[in-house]
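Trainee: One structure follows; several queries about it will come next.
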Amino acid sequence: MEVWYALVSLLPFDWAQPGTMLFMKHALLAVLVISPLFGILSTMVVHSRMSFFSDALGHSAFTGMAIGAICGFNEPTWAAVIFALVFALLFNLVRRRSALASDTVIGVFSSTAVALGIFLSTLGGRSFTKFNNLLIGDILSVEPSKIGLLALILLLIIVLWCLSFNQLMLSAVHPALANSRGIKVFWQETVFSMAIAVVVTLSMTWVGLLVINSLLVLPGAAARNVARNLWQYHLFSLAGAVVAGIAGLMTSYYIGASAGASITLYLAIWFALTFLLRKKG
């Protein structure tokens, strides 16, 4: 972290001065790790039409946090990660074996997860207020150890993309053709779903459950408006997520607004601009 502190001290901001406001420096580093994660995953979320699935995963992660709190875990986040992984696996199993449309299956899982989370968190007359921070998030509370974990996940996602991108893309575009080529579509979809589950669960305490789905949709949606090939599609999604992340954090610091909401608003503006550019072209 000392190297990071030294680099940040070169920035022309009052909070960047050496030895001051370490929470802001941690938040900036977290944004630089989280936003590329969302930018990379967003392209596949949009392309696979799984926008509502990521929202359902956020709800399942909330339920996992409630389970962890009831079990007395010092770090309920890990219970949330496990629950989200099980949720993703069950969703893919039900979706493949059911005649229902994907959005219907997502609705069933999402509503069940929300109801179960609220039920468990209020069981025995407990107050729901202790979970309010999950709804809005607080990126200024991020710890260096969690940033390191997110950086490791980012590295794993990049490796997954390098090794399985073609298979993932073909599975999303034409599952039948992918099966005929020997690609195990179910496991491709499951691994991708689990990657989203881990990222959403670990990020929701800082980004906020109410807006985390937008971070998985808007970068890819905006990039799709103007990209002319897959390379541009991923590049614009990644760049848009990083720029919006930094701008949102700076805005939230100087005007005292929620960082997650600020980032989302910048991504919405980016989407509007790309839409206008596409229409003009």
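Going through the structure tokens in order, the chains are called A, B, and so on, while each chain numbers its residues from 1 and the ligands are numbered from 1 in the order shown.
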Please tabulate, as CSV, the residues of range 51-159 of chain A that come within 12 Å of range 3-22 of chain A, each with its closest pair of atoms and the distance in Å to one decimal, counting only C-alpha atoms and ordering rows by chain, then residue number upward.
Mentor:
```
residue,atom,partner,partner_atom,distance
A:Leu140,CA,A:Leu22,CA,9.4
A:Ser141,CA,A:Leu22,CA,10.4
A:Val142,CA,A:Leu22,CA,10.5
A:Glu143,CA,A:Leu22,CA,10.1
A:Pro144,CA,A:Leu22,CA,10.1
```
Trainee: Store the residues picked out above, limited to all heavy atoms, as a tab-separated table (two decimals), in the first residue's frame.
Mentor:
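This went into part_37.tsv:
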```tsv
chain	number	residue	atom	x	y	z
A	140	LEU	N	-16.26	4.24	1.05
A	140	LEU	CA	-15.23	4.84	1.89
A	140	LEU	C	-14.84	3.94	3.05
A	140	LEU	O	-13.85	4.20	3.73
A	140	LEU	CB	-15.70	6.20	2.43
A	140	LEU	CG	-15.99	7.28	1.37
A	140	LEU	CD1	-16.43	8.56	2.03
A	140	LEU	CD2	-14.77	7.52	0.50
A	141	SER	N	-15.62	2.87	3.27
A	141	SER	CA	-15.32	1.96	4.37
A	141	SER	C	-14.51	0.75	3.92
A	141	SER	O	-14.24	-0.15	4.72
A	141	SER	CB	-16.62	1.48	5.03
A	141	SER	OG	-17.38	0.69	4.11
A	142	VAL	N	-14.12	0.70	2.66
A	142	VAL	CA	-13.41	-0.46	2.14
A	142	VAL	C	-12.06	-0.61	2.82
A	142	VAL	O	-11.37	0.38	3.11
A	142	VAL	CB	-13.23	-0.35	0.61
A	142	VAL	CG1	-12.35	0.83	0.24
A	142	VAL	CG2	-12.68	-1.64	0.03
A	143	GLU	N	-11.67	-1.86	3.07
A	143	GLU	CA	-10.41	-2.16	3.75
A	143	GLU	C	-9.38	-2.65	2.73
A	143	GLU	O	-9.73	-3.29	1.73
A	143	GLU	CB	-10.64	-3.24	4.81
A	143	GLU	CG	-11.68	-2.86	5.85
A	143	GLU	CD	-12.08	-4.05	6.70
A	143	GLU	OE1	-11.55	-5.16	6.46
A	143	GLU	OE2	-12.92	-3.88	7.60
A	144	PRO	N	-8.09	-2.39	2.98
A	144	PRO	CA	-7.04	-2.83	2.05
A	144	PRO	C	-7.08	-4.32	1.76
A	144	PRO	O	-6.81	-4.75	0.64
A	144	PRO	CB	-5.75	-2.41	2.77
A	144	PRO	CG	-6.15	-1.26	3.63
A	144	PRO	CD	-7.54	-1.56	4.08
```
Trainee: Using only C-alpha atoms, which of A:Ile153, A:Val45, A:Ala69, A:Leu249 sits nearest Val31 in chain A?
Mentor: A:Leu249
Trainee: Could you tell me which of A:Val105, A:Met1, A:Leu267, A:Val191 comes closest to Ser164 in chain A if we count only C-alpha atoms?
Mentor: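 Answer, going by the shortest atom-to-atom distance: A:Val191.
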Trainee: DSSP says helix (DSSP H, G or I) for which residues of range 17-154 of chain A? Put them as number ranges by chain?
Mentor: A: 22-47, 51-70, 77-97, 102-121, 123-125, 128-136, 139-141, 144-154
Trainee: Using only C-alpha atoms, which residue out of A:Phe83, A:Gly117, A:Ala221, A:Gly260 lies closest to Asp138 in chain A?
Mentor: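 Nearest candidate to Asp138 in chain A out of A:Phe83, A:Gly117, A:Ala221, A:Gly260: A:Gly260.
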